[in-house]
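Student: Input structure: protein-v5.cif, which contains mmCIF, C-alpha atoms.
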```cif
data_input
loop_
_atom_site.label_atom_id
_atom_site.label_comp_id
_atom_site.auth_asym_id
_atom_site.auth_seq_id
_atom_site.Cartn_x
_atom_site.Cartn_y
_atom_site.Cartn_z
CA MET Y 5 124.83 114.77 55.76
CA TYR Y 6 126.26 113.27 58.93
CA GLU Y 7 127.46 109.76 59.75
CA ALA Y 8 126.70 107.85 62.93
CA THR Y 9 126.87 104.20 64.02
CA ALA Y 10 124.14 101.89 65.31
CA GLU Y 11 126.00 100.56 68.38
CA ALA Y 12 123.03 98.41 69.41
CA VAL Y 13 119.57 97.49 68.14
CA LEU Y 14 116.93 96.43 70.64
CA ILE Y 15 113.32 95.24 70.93
CA ALA Y 16 110.67 95.38 73.68
CA ARG Y 17 109.39 91.83 73.23
CA VAL Y 18 108.22 91.00 76.78
CA PRO Y 19 104.51 91.79 77.23
CA GLY Y 20 103.92 94.45 79.88
CA SER Y 21 107.59 95.43 80.05
CA PHE Y 22 109.02 98.73 78.93
CA ILE Y 23 112.60 97.38 78.86
CA THR Y 24 114.25 96.38 75.56
CA GLN Y 25 116.67 93.54 74.75
CA ARG Y 26 119.55 93.58 72.26
CA GLU Y 27 119.30 91.76 68.92
CA ALA Y 28 121.78 91.29 66.07
CA GLY Y 29 119.32 92.90 63.68
CA LEU Y 30 115.69 93.95 63.26
CA ASP Y 31 113.60 93.88 60.08
CA VAL Y 32 111.56 97.07 60.24
CA GLU Y 33 108.19 97.39 58.48
CA LEU Y 34 106.01 100.40 57.71
CA ALA Y 35 104.29 99.83 61.07
CA GLY Y 36 107.56 99.56 63.03
CA ILE Y 37 109.37 96.58 64.53
CA PRO Y 38 107.25 93.37 64.42
CA GLY Y 39 106.92 91.98 67.95
CA ASP Y 40 107.87 95.26 69.62
CA ARG Y 41 105.69 97.02 72.18
CA HIS Y 42 105.30 100.07 69.93
CA TYR Y 43 104.54 98.20 66.68
CA GLY Y 44 101.46 99.36 64.78
CA LEU Y 45 100.17 101.75 62.14
CA LEU Y 46 97.79 103.15 64.76
CA ARG Y 47 98.02 103.74 68.50
CA PRO Y 48 95.70 105.27 71.10
CA ALA Y 49 96.01 109.03 71.58
CA ASP Y 50 97.46 109.91 75.01
CA SER Y 51 98.50 113.01 76.94
CA ARG Y 52 100.94 113.91 74.16
CA GLN Y 53 97.99 114.59 71.80
CA ARG Y 54 95.58 116.41 74.05
CA PHE Y 55 93.74 117.74 71.01
CA TYR Y 56 92.29 114.23 70.44
CA PRO Y 57 90.07 112.37 72.91
CA ARG Y 58 92.29 110.03 74.95
CA GLY Y 59 92.26 106.50 73.56
CA THR Y 60 91.03 107.26 70.04
CA MET Y 61 93.23 105.72 67.39
CA VAL Y 62 95.73 107.96 65.64
CA ALA Y 63 98.66 107.40 63.28
CA ASN Y 64 101.58 105.89 65.20
CA ARG Y 65 104.54 108.24 64.85
CA ARG Y 66 106.33 106.78 67.88
CA GLN Y 67 107.28 103.41 66.42
CA ILE Y 68 111.01 103.47 67.08
CA SER Y 69 112.94 105.27 69.80
CA ILE Y 70 116.60 106.18 69.47
CA VAL Y 71 119.10 107.30 72.09
CA SER Y 72 122.79 108.17 71.81
CA VAL Y 73 125.92 107.05 73.62
CA GLU Y 74 126.92 110.70 74.04
CA GLU Y 75 123.67 111.93 75.57
CA CYS Y 76 123.27 108.82 77.78
CA ALA Y 77 126.76 109.47 79.18
CA ARG Y 78 125.83 113.09 79.98
CA VAL Y 79 122.60 112.05 81.71
CA ALA Y 80 124.42 109.29 83.67
CA ALA Y 81 127.03 111.83 84.85
CA LYS Y 82 124.31 114.23 85.98
CA LEU Y 83 122.49 111.43 87.82
CA GLY Y 84 125.74 110.27 89.43
CA ILE Y 85 125.58 106.74 88.01
CA ALA Y 86 128.26 104.89 86.04
CA GLU Y 87 126.21 104.13 82.98
CA LEU Y 88 122.75 104.66 81.49
CA LEU Y 89 121.78 101.62 79.41
CA PRO Y 90 119.49 101.90 76.35
CA GLU Y 91 117.57 98.88 77.70
CA TRP Y 92 116.34 100.94 80.68
CA LEU Y 93 115.09 103.67 78.35
CA GLY Y 94 113.16 101.22 76.21
CA ALA Y 95 115.29 102.37 73.26
CA ASN Y 96 115.32 100.48 69.96
CA ILE Y 97 118.56 101.92 68.62
CA LEU Y 98 121.67 103.19 70.40
CA LEU Y 99 123.58 105.58 68.14
CA SER Y 100 127.08 106.96 68.50
CA GLY Y 101 128.84 109.74 66.62
CA TYR Y 102 126.07 112.34 66.50
CA GLU Y 103 126.40 114.72 69.44
CA GLU Y 104 123.02 116.44 69.72
CA LEU Y 105 120.64 113.63 68.79
CA THR Y 106 117.69 115.00 70.76
CA SER Y 107 117.92 118.28 68.81
CA LEU Y 108 117.57 116.51 65.46
CA PRO Y 109 114.70 118.30 63.69
CA GLN Y 110 111.43 116.68 62.78
CA GLY Y 111 111.69 115.42 59.20
CA ALA Y 112 115.37 114.49 59.39
CA ARG Y 113 116.11 111.09 57.84
CA LEU Y 114 118.18 108.20 59.20
CA LEU Y 115 119.31 105.89 56.39
CA PHE Y 116 120.66 102.35 56.86
CA PRO Y 117 122.90 100.33 54.50
CA ASP Y 118 120.21 97.72 53.74
CA GLY Y 119 117.89 100.46 52.48
CA ALA Y 120 115.76 101.02 55.57
CA GLY Y 121 114.89 104.66 56.23
CA LEU Y 122 113.47 106.33 59.33
CA ILE Y 123 111.91 109.80 59.72
CA CYS Y 124 112.65 111.75 62.90
CA GLU Y 125 109.34 112.73 64.52
CA GLY Y 126 110.99 114.82 67.21
CA GLU Y 127 112.17 114.74 70.79
CA ASN Y 128 111.14 111.95 73.12
CA ALA Y 129 110.11 113.56 76.41
CA PRO Y 130 111.51 111.79 79.51
CA CYS Y 131 108.91 109.72 81.38
CA THR Y 132 108.74 107.99 84.77
CA ASP Y 133 108.60 104.53 83.10
CA ALA Y 134 112.25 104.95 82.12
CA GLY Y 135 113.02 106.64 85.45
CA GLN Y 136 111.54 103.66 87.29
CA ALA Y 137 113.62 101.17 85.26
CA ILE Y 138 116.83 103.07 86.10
CA ALA Y 139 115.82 103.39 89.76
CA GLU Y 140 115.26 99.63 90.01
CA ALA Y 141 118.47 98.73 88.17
CA GLU Y 142 120.57 101.09 90.30
CA GLY Y 143 118.65 100.55 93.56
CA ILE Y 144 118.18 104.32 93.98
CA PRO Y 145 114.44 105.16 94.22
CA GLY Y 146 114.99 108.92 93.88
CA ILE Y 147 116.23 108.48 90.33
CA LYS Y 148 112.70 107.83 89.09
CA THR Y 149 111.73 111.50 89.14
CA ALA Y 150 115.29 112.88 88.96
CA PHE Y 151 115.65 111.23 85.56
CA VAL Y 152 112.61 113.04 84.15
CA LYS Y 153 114.06 116.45 85.10
CA THR Y 154 117.66 115.63 84.24
CA ALA Y 155 117.15 113.96 80.87
CA TYR Y 156 115.05 116.72 79.34
CA ARG Y 157 116.50 117.56 75.88
CA MET Y 158 118.90 114.56 76.17
CA ARG Y 159 116.52 111.60 76.03
CA GLY Y 160 116.71 111.01 72.28
CA ILE Y 161 114.08 110.95 69.56
CA VAL Y 162 111.16 108.95 68.25
CA CYS Y 163 110.96 107.89 64.62
CA SER Y 164 108.59 106.26 62.18
CA VAL Y 165 109.53 104.00 59.29
CA GLU Y 166 109.69 105.58 55.85
CA ARG Y 167 111.28 102.66 53.98
CA GLU Y 168 111.32 99.04 55.13
CA GLY Y 169 114.50 96.99 55.56
CA MET Y 170 117.04 95.51 57.99
CA ILE Y 171 118.70 97.51 60.75
CA ARG Y 172 121.78 95.78 62.16
CA GLN Y 173 124.12 96.28 65.08
CA GLY Y 174 127.22 98.03 63.74
CA ASP Y 175 125.44 99.65 60.78
CA PRO Y 176 126.76 103.01 59.64
CA VAL Y 177 123.80 105.42 59.65
CA LYS Y 178 123.53 108.44 57.38
CA ILE Y 179 121.67 111.35 58.96
CA MET Y 180 120.17 113.85 56.52
CA ILE Y 181 118.62 117.14 57.57
CA GLU Y 182 116.46 118.84 54.99
CA GLY Y 183 117.82 122.14 53.82
CA VAL Y 184 121.38 121.07 54.70
CA MET P 4 95.76 127.91 67.87
CA TYR P 5 94.36 129.47 64.71
CA GLU P 6 91.01 129.08 62.97
CA ALA P 7 90.50 128.69 59.24
CA THR P 8 87.65 127.49 57.01
CA ALA P 9 87.55 124.65 54.48
CA GLU P 10 86.02 126.58 51.56
CA ALA P 11 86.13 123.53 49.30
CA VAL P 12 87.06 119.85 49.48
CA LEU P 13 88.14 118.08 46.31
CA ILE P 14 89.21 114.71 44.93
CA ALA P 15 91.33 113.58 41.95
CA ARG P 16 89.09 110.74 40.86
CA VAL P 17 89.73 110.60 37.10
CA PRO P 18 92.52 108.13 36.25
CA GLY P 19 95.50 109.82 34.63
CA SER P 20 94.30 113.31 35.52
CA PHE P 21 95.98 115.65 37.98
CA ILE P 22 92.87 117.89 38.25
CA THR P 23 90.53 117.60 41.26
CA GLN P 24 86.72 117.95 41.48
CA ARG P 25 84.68 119.43 44.33
CA GLU P 26 82.69 117.20 46.71
CA ALA P 27 80.40 118.01 49.64
CA GLY P 28 82.62 115.93 51.94
CA LEU P 29 85.37 113.33 51.98
CA ASP P 30 85.87 110.50 54.46
CA VAL P 31 89.64 110.40 55.04
CA GLU P 32 91.42 107.21 56.10
CA LEU P 33 94.91 106.58 57.46
CA ALA P 34 96.04 106.10 53.83
CA GLY P 35 94.40 109.29 52.59
CA ILE P 36 91.25 109.88 50.51
CA PRO P 37 89.81 106.64 49.08
CA GLY P 38 89.55 106.93 45.28
CA ASP P 39 92.01 109.84 45.10
CA ARG P 40 95.12 109.78 42.93
CA HIS P 41 97.37 110.14 46.00
CA TYR P 42 95.66 107.50 48.18
CA GLY P 43 97.94 104.89 49.74
CA LEU P 44 100.08 104.03 52.74
CA LEU P 45 103.03 103.68 50.38
CA ARG P 46 104.08 105.44 47.18
CA PRO P 47 107.12 105.18 44.89
CA ALA P 48 110.08 107.37 45.80
CA ASP P 49 110.66 110.16 43.26
CA SER P 50 112.98 113.13 42.77
CA ARG P 51 111.81 114.56 46.11
CA GLN P 52 113.54 111.67 47.94
CA ARG P 53 116.81 111.37 46.03
CA PHE P 54 118.29 109.42 48.94
CA TYR P 55 116.12 106.42 47.97
CA PRO P 56 116.35 104.59 44.62
CA ARG P 57 113.60 106.01 42.36
CA GLY P 58 110.51 103.83 42.38
CA THR P 59 111.13 101.97 45.66
CA MET P 60 108.13 102.10 47.97
CA VAL P 61 108.22 104.57 50.85
CA ALA P 62 105.69 105.86 53.38
CA ASN P 63 103.23 108.20 51.66
CA ARG P 64 103.44 111.59 53.37
CA ARG P 65 101.83 113.40 50.41
CA GLN P 66 98.30 112.07 50.77
CA ILE P 67 96.41 115.36 50.90
CA SER P 68 97.32 118.71 49.40
CA ILE P 69 95.97 121.99 50.71
CA VAL P 70 96.01 125.46 49.18
CA SER P 71 94.62 128.75 50.46
CA VAL P 72 92.33 131.40 49.00
CA GLU P 73 94.81 134.08 50.07
CA GLU P 74 97.92 132.55 48.47
CA CYS P 75 96.04 131.53 45.30
CA ALA P 76 94.91 135.14 44.91
CA ARG P 77 98.50 136.37 45.25
CA VAL P 78 99.78 133.86 42.68
CA ALA P 79 96.92 134.74 40.28
CA ALA P 80 97.76 138.45 40.56
CA LYS P 81 101.43 137.78 39.84
CA LEU P 82 100.53 135.62 36.83
CA GLY P 83 98.10 138.26 35.56
CA ILE P 84 95.06 135.97 35.60
CA ALA P 85 91.69 136.60 37.27
CA GLU P 86 91.62 133.50 39.45
CA LEU P 87 93.66 130.42 40.35
CA LEU P 88 91.34 127.49 41.01
CA PRO P 89 92.25 124.70 43.47
CA GLU P 90 91.11 122.20 40.81
CA TRP P 91 94.03 123.20 38.55
CA LEU P 92 96.50 122.68 41.41
CA GLY P 93 95.18 119.20 42.16
CA ALA P 94 94.36 120.45 45.67
CA ASN P 95 92.16 118.44 48.04
CA ILE P 96 91.28 121.29 50.39
CA LEU P 97 90.94 125.03 49.79
CA LEU P 98 91.39 126.91 53.07
CA SER P 99 90.63 130.52 53.90
CA GLY P 100 91.55 132.57 56.92
CA TYR P 101 95.18 131.52 57.42
CA GLU P 102 97.48 133.95 55.61
CA GLU P 103 100.79 132.11 55.29
CA LEU P 104 99.65 128.54 54.72
CA THR P 105 102.79 127.46 52.83
CA SER P 106 104.93 128.51 55.80
CA LEU P 107 103.06 126.23 58.19
CA PRO P 108 105.75 124.13 59.88
CA GLN P 109 106.08 120.38 59.53
CA GLY P 110 104.22 118.76 62.43
CA ALA P 111 101.46 121.38 62.64
CA ARG P 112 97.99 119.84 63.01
CA LEU P 113 94.77 120.65 61.16
CA LEU P 114 91.73 119.49 63.13
CA PHE P 115 88.19 119.09 61.73
CA PRO P 116 84.86 119.12 63.63
CA ASP P 117 84.09 115.45 62.88
CA GLY P 118 87.36 114.42 64.56
CA ALA P 119 89.61 114.04 61.51
CA GLY P 120 93.16 115.28 62.01
CA LEU P 121 95.91 116.00 59.47
CA ILE P 122 99.63 116.50 60.03
CA CYS P 123 101.42 119.12 57.94
CA GLU P 124 104.35 117.47 56.15
CA GLY P 125 105.66 120.72 54.73
CA GLU P 126 105.64 122.88 51.64
CA ASN P 127 104.37 121.55 48.33
CA ALA P 128 106.90 122.61 45.70
CA PRO P 129 105.27 123.99 42.50
CA CYS P 130 105.40 121.57 39.55
CA THR P 131 104.75 121.80 35.81
CA ASP P 132 101.70 119.48 36.09
CA ALA P 133 99.83 122.27 37.85
CA GLY P 134 101.42 124.87 35.53
CA GLN P 135 100.17 122.90 32.53
CA ALA P 136 96.63 122.71 33.92
CA ILE P 137 96.54 126.50 34.42
CA ALA P 138 98.07 127.11 30.97
CA GLU P 139 95.39 124.97 29.33
CA ALA P 140 92.53 126.50 31.31
CA GLU P 141 93.69 130.05 30.57
CA GLY P 142 94.94 129.38 27.02
CA ILE P 143 98.34 130.92 27.88
CA PRO P 144 101.14 128.36 27.24
CA GLY P 145 103.81 130.46 28.97
CA ILE P 146 102.08 130.04 32.32
CA LYS P 147 103.26 126.42 32.55
CA THR P 148 106.78 127.39 33.61
CA ALA P 149 105.89 130.86 34.92
CA PHE P 150 103.70 129.19 37.55
CA VAL P 151 106.58 127.09 38.89
CA LYS P 152 108.73 130.19 39.46
CA THR P 153 105.91 132.44 40.68
CA ALA P 154 104.16 130.06 43.07
CA TYR P 155 107.28 129.12 45.03
CA ARG P 156 106.48 129.50 48.79
CA MET P 157 102.79 130.13 47.94
CA ARG P 158 101.68 126.76 46.56
CA GLY P 159 100.39 125.33 49.84
CA ILE P 160 101.27 122.22 51.82
CA VAL P 161 101.01 118.45 51.76
CA CYS P 162 99.56 116.54 54.70
CA SER P 163 99.07 113.00 55.90
CA VAL P 164 96.17 111.69 57.95
CA GLU P 165 96.70 111.37 61.69
CA ARG P 166 93.10 110.62 62.66
CA GLU P 167 90.36 109.35 60.37
CA GLY P 168 87.02 111.12 59.87
CA MET P 169 84.89 113.31 57.60
CA ILE P 170 86.12 116.57 56.09
CA ARG P 171 83.29 118.74 54.78
CA GLN P 172 82.96 121.90 52.74
CA GLY P 173 82.39 124.75 55.17
CA ASP P 174 84.14 123.06 58.10
CA PRO P 175 85.90 125.32 60.59
CA VAL P 176 89.50 124.06 60.83
CA LYS P 177 91.66 124.46 63.92
CA ILE P 178 95.34 124.87 63.14
CA MET P 179 97.75 123.97 65.96
CA ILE P 180 101.48 124.63 65.86
CA GLU P 181 103.53 122.78 68.45
CA GLY P 182 105.21 125.04 70.92
CA VAL P 183 102.62 127.75 70.36
#
```
Kindly transcribe the structure held in the file into structure tokens.

Tutor:
Amino acid sequence: MYEATAEAVLIARVPGSFITQREAGLDVELAGIPGDRHYGLLRPADSRQRFYPRGTMVANRRQISIVSVEECARVAAKLGIAELLPEWLGANILLSGYEELTSLPQGARLLFPDGAGLICEGENAPCTDAGQAIAEAEGIPGIKTAFVKTAYRMRGIVCSVEREGMIRQGDPVKIMIEGV
Amino acid sequence: MYEATAEAVLIARVPGSFITQREAGLDVELAGIPGDRHYGLLRPADSRQRFYPRGTMVANRRQISIVSVEECARVAAKLGIAELLPEWLGANILLSGYEELTSLPQGARLLFPDGAGLICEGENAPCTDAGQAIAEAEGIPGIKTAFVKTAYRMRGIVCSVEREGMIRQGDPVKIMIEGV
């Protein structure tokens, strides 16, 4: 068991926008974060599930995305920018205190003090949506594609909700890896 | 990608009973098999999730259980019985053609011709419910606990539904392991 901290919790509330905004807390449900862009029990299959016809509805295992202070700092350094904000990555939680977040295995649990529990569904592959947001914020167009190459294995994870409850800024987060 | 065959599909329809019965086909939903004992988006946490208070509702990742002809034959031989039926194990699908079913990693997909897709959630640990069913069927009381020890790593997997659709006896099943 490891301990981390939820430095920020965020939601993508603006229709059509990838970017998230900070909140004091979020009440997560089995389908994700109500009002968030990725909320839903189902979502359309895309290029990540090529074994299903594109657009058919499949279980949504990408409800909540999590990035870490440590990995964002490493990506920022490699991109030559001062800071990489979780807002630009469309992240819902910014964690600190767990070094290799993106390597967290599928099935690992993240447990919050209120009782909420998330299941790690695996690595979140870097996409040009996030690259574009960074490029616009920094005014450096080349970052759009540079981000995708640079952030590989450092872009955090996606999770689904196992147990409903509140997730608050400042929460200590227990990370449990099965078999450990 | 591997190919297997659904030799039988089964449902636990009798209230209070662990044992499953064969059907020609089952129409699986996001919450599992309608009418089956393990149907539901949520289920109460038990000893498998000791990090949640027992009985609180969590996402149901144990909707569908799958065993294999090959592993059942190995367990039967070790127990000294002629046959181990999927009914006694409360299994929903009996597969053939994939040797090490219980070792299938979490996140592997099982894809059916009608479009249904299941996600492997990992190994199903042997329990005394199944041991009891075998003991009663064979008239050998000692098998109840012998099964739990013997069937470890050969008792099959649990799955949840990723994409809805029909699962039929005789279906060819594609098994996909990420990264392979």

Student: Tell me, counting all atoms listed in the file, for each residue of chain P within 6 Å of chain Y, which pair of atoms is nearest and how far apart they are in Å to one decimal, in rows ordered by chain and increasing number, as a Markdown table.

Tutor:
```
| residue | atom | partner | partner_atom | distance |
| --- | --- | --- | --- | --- |
| P:Val61 | CA | Y:Arg167 | CA | 4.8 |
| P:Ala62 | CA | Y:Glu166 | CA | 4.7 |
| P:Glu165 | CA | Y:Ala63 | CA | 4.7 |
| P:Arg166 | CA | Y:Val62 | CA | 4.8 |
```

Student: With C-alpha atoms retained, write the just-selected residues as a JSON list (two decimals), in the frame of the given file.

Tutor:
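Saved file selection-v6.json follows:
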```json
[["chain", "number", "residue", "atom", "x", "y", "z"],
["P", 61, "VAL", "CA", 108.22, 104.57, 50.85],
["P", 62, "ALA", "CA", 105.69, 105.86, 53.38],
["P", 165, "GLU", "CA", 96.70, 111.37, 61.69],
["P", 166, "ARG", "CA", 93.10, 110.62, 62.66]]
```

Student: From the options P:Ala154, P:Leu92, P:Val12, P:Leu104, which residue's atoms come nearest to Ala80 of chain P, counting all atoms listed in the file?

Tutor: P:Ala154

Student: Can you list, as an MDAnalysis selection string, every protein, DNA or RNA residue that comes within 12 Å of Trp91 of chain P when you count only C-alpha atoms, leaving out same-chain residues fewer than 2 positions away?

Tutor: chainID P and resid 13:15 20:25 70 75 86:89 93:95 97 129:141 147 150 158

Student: Just the number, please: distance in Å from atom CA of Glu26 of chain P to atom CA of Arg40 of chain P, one decimal.

Tutor: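 Between these atoms lies a distance of 15.0 Å.
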
Student: Show me the residues close to (123.3, 109.9, 90.0) - anything with an atom within 9 Å, counting all atoms listed in the file - and format the list as a short mmCIF file (atom, residue, chain, number, x, y, z; two decimals) with C-alpha atoms, keeping the file's coordinate frame.

Tutor:
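The file below, result33.cif, is the result:
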```cif
data_model
loop_
_atom_site.label_atom_id
_atom_site.label_comp_id
_atom_site.auth_asym_id
_atom_site.auth_seq_id
_atom_site.Cartn_x
_atom_site.Cartn_y
_atom_site.Cartn_z
CA VAL Y 79 122.60 112.05 81.71
CA ALA Y 80 124.42 109.29 83.67
CA ALA Y 81 127.03 111.83 84.85
CA LYS Y 82 124.31 114.23 85.98
CA LEU Y 83 122.49 111.43 87.82
CA GLY Y 84 125.74 110.27 89.43
CA ILE Y 85 125.58 106.74 88.01
CA ALA Y 86 128.26 104.89 86.04
CA ILE Y 144 118.18 104.32 93.98
CA ILE Y 147 116.23 108.48 90.33
CA ALA Y 150 115.29 112.88 88.96
CA PHE Y 151 115.65 111.23 85.56
#
```

Student: How many Å lie between atom CA of Ile161 of chain Y and atom CA of Ala12 of chain Y, rounded to one decimal?

Tutor: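 Answer for the atom CA of Ile161 of chain Y to atom CA of Ala12 of chain Y separation: 15.4 Å.
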
Student: Using only C-alpha atoms, can you tell me which of Y:Glu7, Y:Asp31, Y:Glu74, Y:Glu182 comes closest to Cys124 of chain Y?

Tutor: Y:Glu182

Student: Please measure the separation of atom CA of Asp40 of chain Y and atom CA of Val177 of chain Y, giving the value in Å to one decimal.

Tutor: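 Atom CA of Val177 of chain Y lies 21.4 Å from atom CA of Asp40 of chain Y.
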
Student: Could you list, as an mmCIF file with C-alpha atoms, keeping the file's coordinate frame, every residue within 8 Å of Asp175 of chain Y, counting only C-alpha atoms and ignoring same-chain residues fewer than 4 positions away?

Tutor:
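So the final result, stored in around15.cif, reads:
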```cif
data_model
loop_
_atom_site.group_PDB
_atom_site.id
_atom_site.type_symbol
_atom_site.label_atom_id
_atom_site.label_comp_id
_atom_site.auth_asym_id
_atom_site.auth_seq_id
_atom_site.Cartn_x
_atom_site.Cartn_y
_atom_site.Cartn_z
ATOM 1 C CA THR Y 9 126.870 104.200 64.020
ATOM 2 C CA ALA Y 10 124.140 101.890 65.310
ATOM 3 C CA GLU Y 11 126.000 100.560 68.380
ATOM 4 C CA PHE Y 116 120.660 102.350 56.860
ATOM 5 C CA PRO Y 117 122.900 100.330 54.500
ATOM 6 C CA ILE Y 171 118.700 97.510 60.750
#
```

Student: Taking all atoms listed in the file into account, name the residue in P:Arg156, P:His41, P:Ile96, P:Leu113 that is nearest to Met4 of chain P.

Tutor: P:Leu113

Student: Just checking: using only C-alpha atoms, which residue out of P:Leu98, P:Ala27, P:Ala128, P:Gly58 ends up closest to Lys152 of chain P?

Tutor: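 The answer is P:Ala128, which sits nearest to Lys152 of chain P.
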
Student: Could the centre and edge lengths of an axis-aligned box, enclosing all atoms of segment 129-144 of chain Y in the file with 8 Å extra on each side, be given in Å to one decimal as AutoDock Vina command-line options?

Tutor:
```
--center_x 114.6 --center_y 106.1 --center_z 85.2 --size_x 28.0 --size_y 30.8 --size_z 33.6
```

Student: Is it possible to produce a file of segment 51-57 of chain Y from this structure, with all heavy atoms, as a PDB file, in the first residue's frame?

Tutor:
```pdb
ATOM      1  N   SER Y  51     -10.654   4.452 -31.754  1.00  0.00           N
ATOM      2  CA  SER Y  51      -9.462   3.772 -32.276  1.00  0.00           C
ATOM      3  C   SER Y  51      -8.747   2.951 -31.204  1.00  0.00           C
ATOM      4  O   SER Y  51      -7.906   2.105 -31.523  1.00  0.00           O
ATOM      5  CB  SER Y  51      -8.500   4.807 -32.856  1.00  0.00           C
ATOM      6  OG  SER Y  51      -8.128   5.731 -31.850  1.00  0.00           O
ATOM      7  N   ARG Y  52      -9.076   3.190 -29.936  1.00  0.00           N
ATOM      8  CA  ARG Y  52      -8.439   2.407 -28.871  1.00  0.00           C
ATOM      9  C   ARG Y  52      -9.009   0.992 -28.799  1.00  0.00           C
ATOM     10  O   ARG Y  52      -8.393   0.110 -28.208  1.00  0.00           O
ATOM     11  CB  ARG Y  52      -8.640   3.093 -27.516  1.00  0.00           C
ATOM     12  CG  ARG Y  52      -7.978   4.460 -27.395  1.00  0.00           C
ATOM     13  CD  ARG Y  52      -8.231   5.024 -26.006  1.00  0.00           C
ATOM     14  NE  ARG Y  52      -7.838   6.418 -25.924  1.00  0.00           N
ATOM     15  CZ  ARG Y  52      -8.679   7.425 -26.152  1.00  0.00           C
ATOM     16  NH1 ARG Y  52      -9.938   7.206 -26.474  1.00  0.00           N
ATOM     17  NH2 ARG Y  52      -8.249   8.660 -26.037  1.00  0.00           N
ATOM     18  N   GLN Y  53     -10.222   0.793 -29.322  1.00  0.00           N
ATOM     19  CA  GLN Y  53     -10.848  -0.543 -29.321  1.00  0.00           C
ATOM     20  C   GLN Y  53     -11.168  -0.921 -30.765  1.00  0.00           C
ATOM     21  O   GLN Y  53     -12.319  -0.944 -31.170  1.00  0.00           O
ATOM     22  CB  GLN Y  53     -12.148  -0.571 -28.502  1.00  0.00           C
ATOM     23  CG  GLN Y  53     -11.997  -0.218 -27.042  1.00  0.00           C
ATOM     24  CD  GLN Y  53     -12.057   1.263 -26.799  1.00  0.00           C
ATOM     25  OE1 GLN Y  53     -12.827   1.940 -27.468  1.00  0.00           O
ATOM     26  NE2 GLN Y  53     -11.287   1.756 -25.863  1.00  0.00           N
ATOM     27  N   ARG Y  54     -10.110  -1.187 -31.511  1.00  0.00           N
ATOM     28  CA  ARG Y  54     -10.297  -1.460 -32.937  1.00  0.00           C
ATOM     29  C   ARG Y  54     -11.033  -2.763 -33.193  1.00  0.00           C
ATOM     30  O   ARG Y  54     -11.475  -3.017 -34.307  1.00  0.00           O
ATOM     31  CB  ARG Y  54      -8.927  -1.496 -33.641  1.00  0.00           C
ATOM     32  CG  ARG Y  54      -8.306  -0.128 -33.686  1.00  0.00           C
ATOM     33  CD  ARG Y  54      -7.182   0.012 -34.704  1.00  0.00           C
ATOM     34  NE  ARG Y  54      -6.532   1.302 -34.468  1.00  0.00           N
ATOM     35  CZ  ARG Y  54      -5.269   1.450 -34.073  1.00  0.00           C
ATOM     36  NH1 ARG Y  54      -4.495   0.389 -33.908  1.00  0.00           N
ATOM     37  NH2 ARG Y  54      -4.772   2.649 -33.859  1.00  0.00           N
ATOM     38  N   PHE Y  55     -11.146  -3.578 -32.154  1.00  0.00           N
ATOM     39  CA  PHE Y  55     -11.847  -4.860 -32.314  1.00  0.00           C
ATOM     40  C   PHE Y  55     -13.359  -4.702 -32.240  1.00  0.00           C
ATOM     41  O   PHE Y  55     -14.088  -5.673 -32.409  1.00  0.00           O
ATOM     42  CB  PHE Y  55     -11.346  -5.886 -31.289  1.00  0.00           C
ATOM     43  CG  PHE Y  55     -11.050  -5.311 -29.929  1.00  0.00           C
ATOM     44  CD1 PHE Y  55     -12.024  -5.300 -28.949  1.00  0.00           C
ATOM     45  CD2 PHE Y  55      -9.798  -4.797 -29.640  1.00  0.00           C
ATOM     46  CE1 PHE Y  55     -11.751  -4.790 -27.682  1.00  0.00           C
ATOM     47  CE2 PHE Y  55      -9.513  -4.280 -28.381  1.00  0.00           C
ATOM     48  CZ  PHE Y  55     -10.493  -4.267 -27.400  1.00  0.00           C
ATOM     49  N   TYR Y  56     -13.865  -3.456 -31.990  1.00  0.00           N
ATOM     50  CA  TYR Y  56     -15.297  -3.178 -32.105  1.00  0.00           C
ATOM     51  C   TYR Y  56     -15.503  -2.171 -33.230  1.00  0.00           C
ATOM     52  O   TYR Y  56     -14.647  -1.302 -33.439  1.00  0.00           O
ATOM     53  CB  TYR Y  56     -15.857  -2.576 -30.806  1.00  0.00           C
ATOM     54  CG  TYR Y  56     -15.785  -3.487 -29.610  1.00  0.00           C
ATOM     55  CD1 TYR Y  56     -15.066  -3.113 -28.473  1.00  0.00           C
ATOM     56  CD2 TYR Y  56     -16.437  -4.706 -29.602  1.00  0.00           C
ATOM     57  CE1 TYR Y  56     -15.004  -3.945 -27.364  1.00  0.00           C
ATOM     58  CE2 TYR Y  56     -16.368  -5.548 -28.500  1.00  0.00           C
ATOM     59  CZ  TYR Y  56     -15.657  -5.155 -27.384  1.00  0.00           C
ATOM     60  OH  TYR Y  56     -15.584  -5.978 -26.290  1.00  0.00           O
ATOM     61  N   PRO Y  57     -16.666  -2.245 -33.919  1.00  0.00           N
ATOM     62  CA  PRO Y  57     -16.930  -1.228 -34.938  1.00  0.00           C
ATOM     63  C   PRO Y  57     -16.952   0.157 -34.281  1.00  0.00           C
ATOM     64  O   PRO Y  57     -17.551   0.337 -33.208  1.00  0.00           O
ATOM     65  CB  PRO Y  57     -18.323  -1.599 -35.457  1.00  0.00           C
ATOM     66  CG  PRO Y  57     -18.524  -3.041 -35.073  1.00  0.00           C
ATOM     67  CD  PRO Y  57     -17.732  -3.252 -33.813  1.00  0.00           C
TER      68      PRO Y  57
END
```
